Amino acid sequence: MTDLIVNGRTHHLDVDPSTPLLYVLRDDLGLVAAKFGCGLGQCGACTVLVDDQPVFSCLTPIAALPGRQVTTVEGLGTEKNPGAVQKAFEIEQAAQCGYCIPGMMARAEGLLRRTTTPSEAEMRAAMSPSLCRCGTHMRILRAVRRAAAMRGGGVTDPAEPVA
Amino acid sequence: MAASLRDSQHELARHAVLPENPRVTQTTDRRRRTILGVLLVCALLFIGFLVFAHRPAIAEIAPPPRGTFAAAEIDRGAAVALIGNCTSCHSAAGGRPFAGGVPIKTQFGTLHGTNITPDPATGIGRWSEAAFARAMREGVARDGSHLYPAFPYDHFSSIADPDIHALYAYLMTRTPVRAEVPANRLIPPLGFRPLLAGWKLLFFRPARFTPAPQHDAPWNRGAYLGEALAHCSGCHSPRGPLGDEKRNRPYDGGWAEGWYAPPLNASSPAVRAWTADRLHTYLRTGLSSTHAAAAGPMGEVARNLAQVPDADVRAIATYYASLLAGAPAARHEPALPDRKPAAAKAQPEGAALFAGACAACHEPGAPMIVAGRPPLPLGTQFHENNPRDLIQTILHGVSPPVGAQGPYMPAFRGTLTDAQVAKVVAYLQARYGSVRWSNLEKEVVKARKEGQP
């Protein structure tokens, strides 16, 4: 049995310790926000937070997680009461097909937990490991800037102001 | 009242020690004279040292207009800058090219790469070519101040005149960037630059490059490029306590930005021979299918060398292949055992972490291996006398090789804790390693600290 803390709740799981977190989230816990993309840590669709750091959940074995806090997009807010990052992505209509968006939101959340006043370059560097094939990057960046402002900070040298 | 009492006591005391004995007077005077003498000698020595350390400023010039330089000179200068790896210290991540500000961590504190764009106020726009050449060859700035040897003038002193001229032409035609560089943070008194004259007296031996007559032209060209311009030994040789490159142990392995730069001589730990062809591919693309991918500071070296004339990279490969000709792998390429079951038994936690985090790319038959990436046991990291490069590769991943196709290694620094990285390394060592490492968790903590920018 392995204990896994996800969004503040502890789950007792009977899984092989080498099982990637992504499979456990989706198949055992029914938390399907994080997506399977490449399975090789290249695309970022599976990104979740572990102790506030973004990680590729497809390459994070359960064995690495005892005592550590996993946060998925489900943990950022609800449909009725979305978190700042979720609300900002909605306002900026940052999703096209939406497949990359949970990973993008997890990554944005990780950045804003470290600092609510990142520079534009810091923000771009933090977001860069996640890929979007629809090309909504500019909207995604707008959403992150907005989320930073909604959390009482703001990107210090924004490439464009929050409208 | 109390004060006057103390005064009178003091007075009494003074009378009590008043020198009645002439011998006491003599001794005190002699001591005083000795102290004065020592102070005087120190002051003279200090003044003498300042005179010795003094270098005159070279007059400012009006920034030369772009038309001053021929296109061919500028092009050659671009290649010189790439081979010299200038951007590693002078172009900050996310910053403007050559505008400086890169923090360089040393055991003496943190230095910052300077702004070498032709900005007249914050860059080198007002430097004449003579001032530039003196900085390159003698480590002295235009204003006469000594430069820290993190700037490798101990190598650059051997650069030929035409290359200095081409580099000047290239840098003076870059876009000027007005950017002040953050102040250095060094252990006192190392911020006092005249001290560097002392360092130079001890360690700096400027010399022009002289070709070795017993070798052919490509070898000599490679020796010149590798020693004078690319300053490979700056990272791949050990350094003394004062940061001096140990000239008696060239290419015996050294340290760079928290990574280990393995030996490039007969003690190379590589398990496959470094032929000139393999080195050429590695330096040009950042990937050798028989060794490893260029990671850490070497990644940027390969990205730079991908953009210079091919003959130059061939020459560098020729020279280093000759230095590596005495290495064990040049005589015999050993079989590489895969002790998977034994390793899993000895390191079950490391095995589980490896299976979940690494196996998708690194087990035999995985997509990376099929795509021609080197199988793990070929990686030189597994055979070095310390685990640093293996740890840093896990923590930081590998930036994509030049023209990379397919996946490249992501960073695991957020995924795995120090203890977990240590377990993966212990498992890998048990499975593929040829060297005994110890204190792995401590090594991971150290690697994480030293690898931070």
# chains A, B, ... in the order shown; residues from 1 in each chain; ligands from 1

$ select_by_dssp --residues "segment 225-326 of chain B" --states "helix (DSSP H, G or I)" --output "ChimeraX atom specification"
/B:225-229,233-236,276-285,297-305,310-326

$ write_last_selection --atoms "C-alpha atoms" --output "mmCIF file, in the first residue's frame"
data_model
loop_
_atom_site.group_PDB
_atom_site.id
_atom_site.type_symbol
_atom_site.label_atom_id
_atom_site.label_comp_id
_atom_site.auth_asym_id
_atom_site.auth_seq_id
_atom_site.Cartn_x
_atom_site.Cartn_y
_atom_site.Cartn_z
ATOM 1 C CA LEU B 225 41.924 26.928 -31.900
ATOM 2 C CA GLY B 226 41.596 24.626 -28.878
ATOM 3 C CA GLU B 227 44.285 26.193 -26.720
ATOM 4 C CA ALA B 228 44.123 29.885 -27.604
ATOM 5 C CA LEU B 229 40.529 30.510 -28.664
ATOM 6 C CA SER B 233 41.546 23.360 -20.777
ATOM 7 C CA GLY B 234 39.911 26.185 -18.820
ATOM 8 C CA CYS B 235 37.227 23.659 -17.831
ATOM 9 C CA HIS B 236 38.906 20.327 -18.583
ATOM 10 C CA ALA B 276 38.651 12.478 -34.821
ATOM 11 C CA ASP B 277 35.441 11.587 -36.679
ATOM 12 C CA ARG B 278 33.496 10.895 -33.493
ATOM 13 C CA LEU B 279 34.792 14.072 -31.870
ATOM 14 C CA HIS B 280 33.883 16.060 -34.957
ATOM 15 C CA THR B 281 30.287 14.770 -34.864
ATOM 16 C CA TYR B 282 30.060 15.387 -31.133
ATOM 17 C CA LEU B 283 31.420 18.930 -31.287
ATOM 18 C CA ARG B 284 29.330 19.783 -34.332
ATOM 19 C CA THR B 285 25.991 18.315 -33.166
ATOM 20 C CA PRO B 297 28.133 24.045 -20.113
ATOM 21 C CA MET B 298 29.273 21.764 -22.973
ATOM 22 C CA GLY B 299 25.822 22.025 -24.581
ATOM 23 C CA GLU B 300 26.442 25.653 -25.461
ATOM 24 C CA VAL B 301 29.922 24.867 -26.772
ATOM 25 C CA ALA B 302 28.403 22.400 -29.259
ATOM 26 C CA ARG B 303 25.643 24.810 -30.270
ATOM 27 C CA ASN B 304 28.319 27.418 -30.993
ATOM 28 C CA LEU B 305 30.574 25.035 -32.918
ATOM 29 C CA ASP B 310 33.557 22.945 -40.696
ATOM 30 C CA ALA B 311 37.332 22.884 -41.265
ATOM 31 C CA ASP B 312 37.825 24.588 -37.891
ATOM 32 C CA VAL B 313 35.781 21.954 -36.041
ATOM 33 C CA ARG B 314 37.633 19.193 -37.927
ATOM 34 C CA ALA B 315 40.935 20.709 -36.852
ATOM 35 C CA ILE B 316 39.844 20.887 -33.200
ATOM 36 C CA ALA B 317 38.673 17.253 -33.409
ATOM 37 C CA THR B 318 42.016 16.217 -34.930
ATOM 38 C CA TYR B 319 43.992 17.859 -32.137
ATOM 39 C CA TYR B 320 41.940 16.427 -29.262
ATOM 40 C CA ALA B 321 41.791 12.977 -30.848
ATOM 41 C CA SER B 322 45.597 12.992 -30.717
ATOM 42 C CA LEU B 323 45.542 13.937 -26.996
ATOM 43 C CA LEU B 324 43.030 11.147 -26.380
ATOM 44 C CA ALA B 325 44.962 8.564 -28.382
ATOM 45 C CA GLY B 326 46.614 7.244 -25.203
#

$ interface_residues --of "chain A" --to "chain B" --cutoff "8 Å" --atoms "only C-alpha atoms" --output "list in words"
Pro17, Ser18, Thr19, Pro20, Gly39, Leu40, Gly41, Gln42, Val50, Gln53, Pro54, Val55, Phe56, Cys58, Leu59, Thr60, Pro61, Ile62, Ala63, Ala64 and Ala121 of chain A

$ residues_around --residues "Val85 of chain A" --least-positions-apart "2" --cutoff "8 Å" --atoms "only C-alpha atoms" --output "PyMOL selection string"
chain A and resi 76+82-83+87-89+105+108-109+143-144+147

$ write_last_selection --atoms "N, CA and C atoms" --output "short mmCIF file (atom, residue, chain, number, x, y, z; two decimals), in the first residue's frame"
data_model
loop_
_atom_site.label_atom_id
_atom_site.label_comp_id
_atom_site.auth_asym_id
_atom_site.auth_seq_id
_atom_site.Cartn_x
_atom_site.Cartn_y
_atom_site.Cartn_z
N LEU A 76 -7.40 23.43 -7.93
CA LEU A 76 -7.27 24.89 -8.01
C LEU A 76 -8.60 25.60 -7.84
N PRO A 82 -14.15 28.96 -9.49
CA PRO A 82 -12.82 28.70 -10.06
C PRO A 82 -11.73 29.50 -9.36
N GLY A 83 -10.51 28.93 -9.34
CA GLY A 83 -9.36 29.66 -8.82
C GLY A 83 -8.96 30.76 -9.78
N LYS A 87 -9.95 31.12 -13.67
CA LYS A 87 -10.79 32.25 -14.08
C LYS A 87 -10.09 33.06 -15.17
N ALA A 88 -8.79 33.28 -14.98
CA ALA A 88 -8.03 34.09 -15.94
C ALA A 88 -7.97 33.40 -17.30
N PHE A 89 -7.78 32.07 -17.29
CA PHE A 89 -7.75 31.33 -18.56
C PHE A 89 -9.12 31.42 -19.25
N MET A 105 -2.17 25.41 -16.97
CA MET A 105 -2.68 26.02 -15.73
C MET A 105 -1.86 25.57 -14.52
N ALA A 108 1.30 27.55 -14.63
CA ALA A 108 1.06 28.94 -14.22
C ALA A 108 0.88 29.01 -12.71
N GLU A 109 0.13 28.06 -12.16
CA GLU A 109 -0.10 28.03 -10.71
C GLU A 109 1.24 27.88 -9.97
N ALA A 143 -3.41 35.20 -20.13
CA ALA A 143 -4.11 34.62 -18.98
C ALA A 143 -3.18 34.56 -17.76
N VAL A 144 -1.92 34.24 -17.98
CA VAL A 144 -0.99 34.16 -16.84
C VAL A 144 -0.77 35.56 -16.26
N ALA A 147 -3.83 36.36 -14.29
CA ALA A 147 -3.89 35.61 -13.03
C ALA A 147 -2.94 36.22 -12.00
#

$ select_by_dssp --residues "chain A" --states "strand (DSSP E)" --output "list of chain:residue names"
A:Thr2, A:Asp3, A:Leu4, A:Ile5, A:Val6, A:Arg9, A:Thr10, A:His11, A:His12, A:Leu13, A:Thr47, A:Val48, A:Leu49, A:Val50, A:Gln53, A:Pro54, A:Val55, A:Phe56, A:Gln69, A:Val70, A:Thr71

$ residues_around --residues "Gln392 of chain B" --least-positions-apart "4" --cutoff "9 Å" --atoms "only C-alpha atoms" --output "list in words"
Gly258, Trp259, Ala295, Gly296, Pro387, Arg388, His396, Gly397, Val444, Ala447, Arg448 and Gly451 of chain B

$ write_last_selection --atoms "N, CA and C atoms" --output "tab-separated table (two decimals), in the first residue's frame"
chain	number	residue	atom	x	y	z
B	258	GLY	N	29.42	23.77	-11.78
B	258	GLY	CA	28.81	22.67	-11.03
B	258	GLY	C	28.82	21.34	-11.76
B	259	TRP	N	29.39	21.31	-12.96
B	259	TRP	CA	29.53	20.06	-13.72
B	259	TRP	C	31.00	19.64	-13.71
B	295	ALA	N	26.05	18.02	-22.40
B	295	ALA	CA	25.10	18.57	-21.42
B	295	ALA	C	25.79	19.64	-20.60
B	296	GLY	N	25.02	20.39	-19.83
B	296	GLY	CA	25.59	21.44	-19.00
B	296	GLY	C	26.31	22.47	-19.85
B	387	PRO	N	30.38	11.11	-9.30
B	387	PRO	CA	29.05	10.97	-9.89
B	387	PRO	C	28.43	12.28	-10.37
B	388	ARG	N	29.21	13.36	-10.37
B	388	ARG	CA	28.63	14.68	-10.58
B	388	ARG	C	27.84	14.81	-11.89
B	396	HIS	N	19.12	18.34	-14.32
B	396	HIS	CA	18.91	19.40	-15.30
B	396	HIS	C	18.50	18.92	-16.68
B	397	GLY	N	18.59	17.62	-16.93
B	397	GLY	CA	18.25	17.13	-18.26
B	397	GLY	C	19.30	17.53	-19.27
B	444	VAL	N	24.50	14.68	-4.19
B	444	VAL	CA	23.35	15.28	-4.87
B	444	VAL	C	23.07	16.68	-4.31
B	447	ALA	N	25.69	18.92	-5.71
B	447	ALA	CA	25.49	19.15	-7.15
B	447	ALA	C	24.35	20.13	-7.37
B	448	ARG	N	23.27	19.97	-6.60
B	448	ARG	CA	22.12	20.85	-6.76
B	448	ARG	C	22.52	22.30	-6.42
B	451	GLY	N	25.10	23.65	-9.04
B	451	GLY	CA	24.58	23.74	-10.41
B	451	GLY	C	23.59	24.87	-10.60

$ residues_around --residues "segment 142-153 of chain B" --least-positions-apart "5" --cutoff "7 Å" --atoms "only C-alpha atoms" --output "list in words"
Arg55, Pro56, Ala57, Ile58, Trp127, Ala131, Met136, Arg137, Arg193, Pro194 and Leu196 of chain B

$ residues_around --residues "Ala149 of chain A" --least-positions-apart "6" --cutoff "12 Å" --atoms "only C-alpha atoms" --output "MDAnalysis selection string"
chainID A and resid 84:85 87:88 112 115:118 142:143 155:156 158 161:163

$ residues_around --residues "Pro374 of chain B" --least-positions-apart "4" --cutoff "10 Å" --atoms "only C-alpha atoms" --output "JSON, numbers by chain"
{"B": [287, 288, 289, 290, 291, 292, 293, 362, 368, 369, 370, 378, 379]}

$ write_last_selection --atoms "C-alpha atoms" --output "short mmCIF file (atom, residue, chain, number, x, y, z; two decimals), in the first residue's frame"
data_model
loop_
_atom_site.label_atom_id
_atom_site.label_comp_id
_atom_site.auth_asym_id
_atom_site.auth_seq_id
_atom_site.Cartn_x
_atom_site.Cartn_y
_atom_site.Cartn_z
CA LEU B 287 25.60 14.18 -29.71
CA SER B 288 27.89 11.19 -30.02
CA SER B 289 26.01 7.93 -30.43
CA THR B 290 29.00 6.16 -28.89
CA HIS B 291 29.52 8.46 -25.90
CA ALA B 292 26.87 10.89 -24.69
CA ALA B 293 25.01 14.10 -25.41
CA HIS B 362 16.30 4.40 -21.53
CA MET B 368 15.40 7.06 -27.75
CA ILE B 369 17.64 4.06 -28.18
CA VAL B 370 16.01 3.14 -31.48
CA LEU B 378 28.09 4.09 -23.05
CA GLY B 379 27.60 7.42 -21.28
#

$ atom_distance --atom1 "atom CA of Arg239 of chain B" --atom2 "atom CA of Lys449 of chain B"
20.0 Å

$ decode --residues "segment 128-141 of chain A" --atoms "N, CA and C atoms" --output "PDB file, in the first residue's frame"
ATOM      1  N   SER A 128       7.474  27.680 -20.791  1.00  0.00           N
ATOM      2  CA  SER A 128       7.991  27.115 -22.044  1.00  0.00           C
ATOM      3  C   SER A 128       8.017  25.587 -22.114  1.00  0.00           C
ATOM      4  N   PRO A 129       8.165  24.824 -21.004  1.00  0.00           N
ATOM      5  CA  PRO A 129       8.162  23.366 -21.198  1.00  0.00           C
ATOM      6  C   PRO A 129       6.821  22.796 -21.659  1.00  0.00           C
ATOM      7  N   SER A 130       5.737  23.557 -21.603  1.00  0.00           N
ATOM      8  CA  SER A 130       4.446  23.052 -22.072  1.00  0.00           C
ATOM      9  C   SER A 130       4.203  23.517 -23.506  1.00  0.00           C
ATOM     10  N   LEU A 131       3.820  22.581 -24.356  1.00  0.00           N
ATOM     11  CA  LEU A 131       3.587  22.904 -25.764  1.00  0.00           C
ATOM     12  C   LEU A 131       2.089  23.046 -26.043  1.00  0.00           C
ATOM     13  N   CYS A 132       1.749  23.940 -27.010  1.00  0.00           N
ATOM     14  CA  CYS A 132       0.373  24.079 -27.467  1.00  0.00           C
ATOM     15  C   CYS A 132       0.401  23.972 -28.977  1.00  0.00           C
ATOM     16  N   ARG A 133      -0.314  23.011 -29.531  1.00  0.00           N
ATOM     17  CA  ARG A 133      -0.251  22.818 -30.985  1.00  0.00           C
ATOM     18  C   ARG A 133      -1.275  23.660 -31.724  1.00  0.00           C
ATOM     19  N   CYS A 134      -2.244  24.254 -30.997  1.00  0.00           N
ATOM     20  CA  CYS A 134      -3.213  25.126 -31.676  1.00  0.00           C
ATOM     21  C   CYS A 134      -2.622  26.522 -31.905  1.00  0.00           C
ATOM     22  N   GLY A 135      -1.642  26.886 -31.112  1.00  0.00           N
ATOM     23  CA  GLY A 135      -1.040  28.214 -31.269  1.00  0.00           C
ATOM     24  C   GLY A 135      -1.739  29.296 -30.475  1.00  0.00           C
ATOM     25  N   THR A 136      -2.276  28.964 -29.307  1.00  0.00           N
ATOM     26  CA  THR A 136      -2.931  30.011 -28.515  1.00  0.00           C
ATOM     27  C   THR A 136      -1.985  30.626 -27.489  1.00  0.00           C
ATOM     28  N   HIS A 137      -0.678  30.529 -27.753  1.00  0.00           N
ATOM     29  CA  HIS A 137       0.306  30.979 -26.758  1.00  0.00           C
ATOM     30  C   HIS A 137       0.069  32.406 -26.277  1.00  0.00           C
ATOM     31  N   MET A 138      -0.293  33.309 -27.208  1.00  0.00           N
ATOM     32  CA  MET A 138      -0.426  34.702 -26.799  1.00  0.00           C
ATOM     33  C   MET A 138      -1.571  34.854 -25.797  1.00  0.00           C
ATOM     34  N   ARG A 139      -2.632  34.086 -26.020  1.00  0.00           N
ATOM     35  CA  ARG A 139      -3.762  34.131 -25.082  1.00  0.00           C
ATOM     36  C   ARG A 139      -3.379  33.481 -23.747  1.00  0.00           C
ATOM     37  N   ILE A 140      -2.599  32.403 -23.840  1.00  0.00           N
ATOM     38  CA  ILE A 140      -2.159  31.750 -22.605  1.00  0.00           C
ATOM     39  C   ILE A 140      -1.309  32.717 -21.775  1.00  0.00           C
ATOM     40  N   LEU A 141      -0.399  33.423 -22.449  1.00  0.00           N
ATOM     41  CA  LEU A 141       0.452  34.376 -21.724  1.00  0.00           C
ATOM     42  C   LEU A 141      -0.391  35.497 -21.124  1.00  0.00           C
TER      43      LEU A 141
END
